[in-house]
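A.B. asks: This is the structure I have questions about; it appears just below.
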Amino acid sequence: METESIKMKTVKAIFVFIVVLYGALLNHVAKAQEMSTTSVAAMEKLSTWVGKWKGEGWSIDQTQQKTEFTVEEHIQLKVGGNAILAEGIGRNKSDGKIGFESLGVLYFNNEKKQYEMKSLTADGNQASSSGKINEQGQFIWGFDVPGGSIRYTITLGTDAWHEKGEFVMASGQAFTILEMNLTKIK
């Protein structure tokens with residue numbers, strides 16, 4: 001009789017454990033769905049980026065040499081609307097050779113309530129950056145570098161993309177180092 005009582009207590013304990021575990025699992029699934037919904041809603045604000053873009057621009061390197069280029073950007077919404085994949089390739093106007101090639105993944109970090117981007121370039125550079133949409137609807141992103149930071153501002157019209165890159169010194173003084181004007185072709 002005592003053995004049956006122990007068995008019954010064990011069965012009850014296992015049952016309670018399963019109910020608690022199931023409740024925790026449901027809570028986790030609900031939170032994951034809520035976070036995905038938040039992320040998708042944040043990424044939806046950037047949905048006009050999706051497509052193929054083509055245009056021209058210029059950049060200035062550390063030696064103050066200006067290079068003019070043509071550029072193509074292919075922007076795709078990925079992983080259920082939770083991220084943007086951006087592929088860019090720029091060719092020097094002077095000789096048509098590839099001047100830069102980049103790949104970036106942009107997503108919304110629900111915990112930090114901010115956009116984040118991981119980017120890589122063909123020359124081996126990589127950056128982790130954060131971004132935000134300002135009151136004018138511009139997307140501003142950047143990262144720290146020795147002596148200051150790099151800040152990019154993207155302004156989108158219906159089919160027009162303007163991007164300005166700046167080196168911002170620790171003192172706050174900014175110098176334009178890049179400018180691009182693109183048109184949506186698809």
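Just so we're on the same page: first chain in the structure tokens is A, next is B, and so on; residues restart at 1 for each chain, and ligands are numbered from 1 in the order they show up.
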Which residues come within 7 Å of stretch 52-68 of chain A, counting only C-alpha atoms, excluding same-chain residues fewer than 5 positions away, as a list in words?
C.D. replies: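 Returned residues: Glu73, His74, Ile75, Asn92, Lys93, Ile177, Leu178, Glu179, Met180, Asn181, Leu182, Thr183, Lys184, Ile185 and Lys186 of chain A.
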A.B. asks: Only N, CA and C atoms, please: the residues just picked out, written as a PDB file, in the first residue's frame.
C.D. replies:
ATOM      1  N   GLU A  73      23.115  48.294 -56.314  1.00  0.00           N
ATOM      2  CA  GLU A  73      22.721  47.718 -55.027  1.00  0.00           C
ATOM      3  C   GLU A  73      21.540  46.785 -55.265  1.00  0.00           C
ATOM      4  N   HIS A  74      21.611  45.612 -54.670  1.00  0.00           N
ATOM      5  CA  HIS A  74      20.498  44.662 -54.735  1.00  0.00           C
ATOM      6  C   HIS A  74      20.046  44.434 -53.296  1.00  0.00           C
ATOM      7  N   ILE A  75      18.831  44.868 -52.981  1.00  0.00           N
ATOM      8  CA  ILE A  75      18.297  44.820 -51.623  1.00  0.00           C
ATOM      9  C   ILE A  75      17.141  43.825 -51.582  1.00  0.00           C
ATOM     10  N   ASN A  92      34.992  51.751 -60.552  1.00  0.00           N
ATOM     11  CA  ASN A  92      35.634  53.039 -60.782  1.00  0.00           C
ATOM     12  C   ASN A  92      35.248  53.562 -62.167  1.00  0.00           C
ATOM     13  N   LYS A  93      34.854  54.815 -62.229  1.00  0.00           N
ATOM     14  CA  LYS A  93      34.486  55.402 -63.522  1.00  0.00           C
ATOM     15  C   LYS A  93      35.688  55.467 -64.462  1.00  0.00           C
ATOM     16  N   ILE A 177      32.702  62.171 -46.824  1.00  0.00           N
ATOM     17  CA  ILE A 177      33.674  61.267 -47.441  1.00  0.00           C
ATOM     18  C   ILE A 177      33.058  60.424 -48.555  1.00  0.00           C
ATOM     19  N   LEU A 178      31.723  60.480 -48.688  1.00  0.00           N
ATOM     20  CA  LEU A 178      31.046  59.683 -49.707  1.00  0.00           C
ATOM     21  C   LEU A 178      29.697  60.307 -50.014  1.00  0.00           C
ATOM     22  N   GLU A 179      29.328  60.211 -51.266  1.00  0.00           N
ATOM     23  CA  GLU A 179      27.980  60.604 -51.666  1.00  0.00           C
ATOM     24  C   GLU A 179      27.556  59.722 -52.820  1.00  0.00           C
ATOM     25  N   MET A 180      26.317  59.204 -52.753  1.00  0.00           N
ATOM     26  CA  MET A 180      25.766  58.350 -53.816  1.00  0.00           C
ATOM     27  C   MET A 180      24.352  58.800 -54.136  1.00  0.00           C
ATOM     28  N   ASN A 181      23.995  58.712 -55.412  1.00  0.00           N
ATOM     29  CA  ASN A 181      22.634  58.970 -55.873  1.00  0.00           C
ATOM     30  C   ASN A 181      22.234  57.800 -56.762  1.00  0.00           C
ATOM     31  N   LEU A 182      21.214  57.065 -56.318  1.00  0.00           N
ATOM     32  CA  LEU A 182      20.780  55.873 -57.024  1.00  0.00           C
ATOM     33  C   LEU A 182      19.319  55.997 -57.456  1.00  0.00           C
ATOM     34  N   THR A 183      18.978  55.265 -58.507  1.00  0.00           N
ATOM     35  CA  THR A 183      17.613  55.207 -58.997  1.00  0.00           C
ATOM     36  C   THR A 183      17.164  53.740 -58.959  1.00  0.00           C
ATOM     37  N   LYS A 184      15.937  53.522 -58.542  1.00  0.00           N
ATOM     38  CA  LYS A 184      15.401  52.161 -58.485  1.00  0.00           C
ATOM     39  C   LYS A 184      15.107  51.710 -59.908  1.00  0.00           C
ATOM     40  N   ILE A 185      15.655  50.529 -60.279  1.00  0.00           N
ATOM     41  CA  ILE A 185      15.433  50.013 -61.628  1.00  0.00           C
ATOM     42  C   ILE A 185      14.511  48.803 -61.625  1.00  0.00           C
ATOM     43  N   LYS A 186      14.262  48.191 -60.477  1.00  0.00           N
ATOM     44  CA  LYS A 186      13.327  47.056 -60.349  1.00  0.00           C
ATOM     45  C   LYS A 186      12.667  47.086 -58.998  1.00  0.00           C
TER      46      LYS A 186
END
A.B. asks: Quick one: residues within 12 Å of A:Asp144, only C-alpha atoms counted, chain neighbours fewer than 5 positions away excluded, as a list in words?
C.D. replies: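 After dropping sequence-adjacent residues, the list is Ala127, Ser128, Ser129, Ser130, Ser149, Ile150, Arg151, Tyr152, Glu166, Phe167, Val168, Met169 and Ala170 of chain A.
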A.B. asks: Using the selection just defined, write its residues with all heavy atoms as a CSV table (one decimal), in the first residue's frame.
C.D. replies:
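Ended up saving to part_17.csv:
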chain,number,residue,atom,x,y,z
A,127,ALA,N,32.2,45.4,-40.3
A,127,ALA,CA,31.8,46.4,-39.3
A,127,ALA,C,30.5,45.9,-38.7
A,127,ALA,O,29.7,45.3,-39.4
A,127,ALA,CB,31.6,47.8,-39.9
A,128,SER,N,30.3,46.2,-37.5
A,128,SER,CA,29.0,46.0,-36.8
A,128,SER,C,28.5,47.4,-36.5
A,128,SER,O,29.3,48.2,-35.9
A,128,SER,CB,29.2,45.2,-35.5
A,128,SER,OG,29.6,43.9,-35.8
A,129,SER,N,27.3,47.8,-36.8
A,129,SER,CA,26.8,49.1,-36.6
A,129,SER,C,25.4,49.1,-36.1
A,129,SER,O,24.7,48.1,-36.2
A,129,SER,CB,27.0,49.9,-37.9
A,129,SER,OG,26.3,49.3,-39.0
A,130,SER,N,25.0,50.2,-35.6
A,130,SER,CA,23.6,50.4,-35.2
A,130,SER,C,23.0,51.5,-36.1
A,130,SER,O,23.7,52.4,-36.6
A,130,SER,CB,23.5,50.7,-33.7
A,130,SER,OG,24.2,51.9,-33.4
A,149,SER,N,34.2,58.6,-35.8
A,149,SER,CA,33.2,57.7,-36.2
A,149,SER,C,32.8,57.9,-37.7
A,149,SER,O,33.1,59.0,-38.2
A,149,SER,CB,31.9,57.7,-35.3
A,149,SER,OG,31.3,59.0,-35.5
A,150,ILE,N,32.2,56.9,-38.3
A,150,ILE,CA,31.7,57.1,-39.6
A,150,ILE,C,30.2,57.1,-39.5
A,150,ILE,O,29.6,56.2,-38.8
A,150,ILE,CB,32.2,55.9,-40.5
A,150,ILE,CG1,33.7,55.8,-40.6
A,150,ILE,CG2,31.5,56.0,-41.9
A,150,ILE,CD1,34.4,56.9,-41.3
A,151,ARG,N,29.5,58.0,-40.2
A,151,ARG,CA,28.1,58.1,-40.1
A,151,ARG,C,27.6,58.2,-41.6
A,151,ARG,O,28.0,59.0,-42.4
A,151,ARG,CB,27.7,59.4,-39.4
A,151,ARG,CG,26.2,59.6,-39.3
A,151,ARG,CD,25.8,60.9,-38.5
A,151,ARG,NE,26.4,62.1,-39.1
A,151,ARG,CZ,26.7,63.2,-38.5
A,151,ARG,NH1,26.6,63.2,-37.2
A,151,ARG,NH2,27.3,64.2,-39.1
A,152,TYR,N,26.6,57.4,-41.8
A,152,TYR,CA,25.9,57.4,-43.1
A,152,TYR,C,24.5,57.8,-42.9
A,152,TYR,O,23.8,57.4,-42.0
A,152,TYR,CB,25.9,56.0,-43.8
A,152,TYR,CG,27.3,55.5,-44.2
A,152,TYR,CD1,28.1,54.7,-43.3
A,152,TYR,CD2,27.9,56.0,-45.4
A,152,TYR,CE1,29.3,54.3,-43.7
A,152,TYR,CE2,29.2,55.5,-45.7
A,152,TYR,CZ,29.9,54.7,-44.9
A,152,TYR,OH,31.2,54.3,-45.3
A,166,GLU,N,29.9,60.4,-43.8
A,166,GLU,CA,30.8,61.4,-43.1
A,166,GLU,C,31.7,60.8,-42.1
A,166,GLU,O,31.4,59.8,-41.4
A,166,GLU,CB,29.9,62.4,-42.4
A,166,GLU,CG,28.9,63.2,-43.3
A,166,GLU,CD,27.9,64.0,-42.5
A,166,GLU,OE1,27.1,63.4,-41.8
A,166,GLU,OE2,28.0,65.2,-42.5
A,167,PHE,N,32.9,61.4,-42.0
A,167,PHE,CA,33.8,61.1,-40.9
A,167,PHE,C,33.5,62.1,-39.9
A,167,PHE,O,33.6,63.3,-40.2
A,167,PHE,CB,35.3,61.1,-41.4
A,167,PHE,CG,36.2,61.0,-40.2
A,167,PHE,CD1,36.4,59.8,-39.5
A,167,PHE,CD2,37.0,62.1,-39.9
A,167,PHE,CE1,37.2,59.8,-38.4
A,167,PHE,CE2,37.9,62.1,-38.8
A,167,PHE,CZ,38.0,60.9,-38.1
A,168,VAL,N,33.2,61.7,-38.7
A,168,VAL,CA,32.9,62.6,-37.6
A,168,VAL,C,34.0,62.5,-36.6
A,168,VAL,O,34.2,61.5,-36.0
A,168,VAL,CB,31.5,62.3,-37.0
A,168,VAL,CG1,31.2,63.4,-35.9
A,168,VAL,CG2,30.4,62.3,-38.0
A,169,MET,N,34.7,63.6,-36.4
A,169,MET,CA,35.8,63.7,-35.5
A,169,MET,C,35.3,63.6,-34.1
A,169,MET,O,34.1,63.9,-33.8
A,169,MET,CB,36.7,64.9,-35.7
A,169,MET,CG,37.3,65.0,-37.1
A,169,MET,SD,38.2,66.5,-37.4
A,169,MET,CE,39.4,66.6,-36.0
A,170,ALA,N,36.1,63.3,-33.1
A,170,ALA,CA,35.7,63.2,-31.7
A,170,ALA,C,35.2,64.6,-31.2
A,170,ALA,O,34.3,64.6,-30.4
A,170,ALA,CB,36.9,62.8,-30.8
A.B. asks: With distances taken over only C-alpha atoms, which of A:Gln76, A:Ile89, A:Phe108, A:Ser94 is nearest to A:Ala41?
C.D. replies: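 Of the candidates, the smallest distance to A:Ala41 is held by A:Phe108.
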A.B. asks: Residues of chain A in strand (DSSP E or B) according to DSSP, as a ChimeraX atom specification?
C.D. replies: /A:51-60,66-78,83-92,98-109,114-121,126-133,139-145,148-156,160-169,174-184
A.B. asks: For atom CA of A:Thr70 and atom CA of A:Thr158, determine how far apart the two atoms are, in Å to one decimal place.
C.D. replies: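 These two atoms are separated by 20.5 Å.
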A.B. asks: May I ask which of the residues A:Gly104, A:Gly88, A:Gly51, A:Gly165 is the closest one to A:Ile140, counting only C-alpha atoms?
C.D. replies: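 For A:Ile140, the nearest of the given residues is A:Gly165.
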A.B. asks: Could you give me the residues within stretch 40-141 of chain A that DSSP places in helix (DSSP H, G or I), as an MDAnalysis selection string?
C.D. replies: chainID A and resid 40:44 47:49 79:81
A.B. asks: Using only C-alpha atoms, which protein or nucleic acid residues come within 12 Å of stretch 81-87 of chain A? Drop anything in the same chain fewer than 2 positions from it, and give the result as a PyMOL selection string.
C.D. replies: chain A and resi 33+35-54+71-79+89-90+100-110+115-122
A.B. asks: Please, what distance in Å, to one decimal, runs between atom CA of A:Arg91 and atom CA of A:Lys132?
C.D. replies: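 Computed distance, atom CA of A:Arg91 to atom CA of A:Lys132, equals 28.7 Å.
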A.B. asks: How many Å separate atom CA of A:Ala160 from atom CA of A:Ile133?
C.D. replies: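 Atom-to-atom, atom CA of A:Ala160 to atom CA of A:Ile133, that is 17.2 Å.
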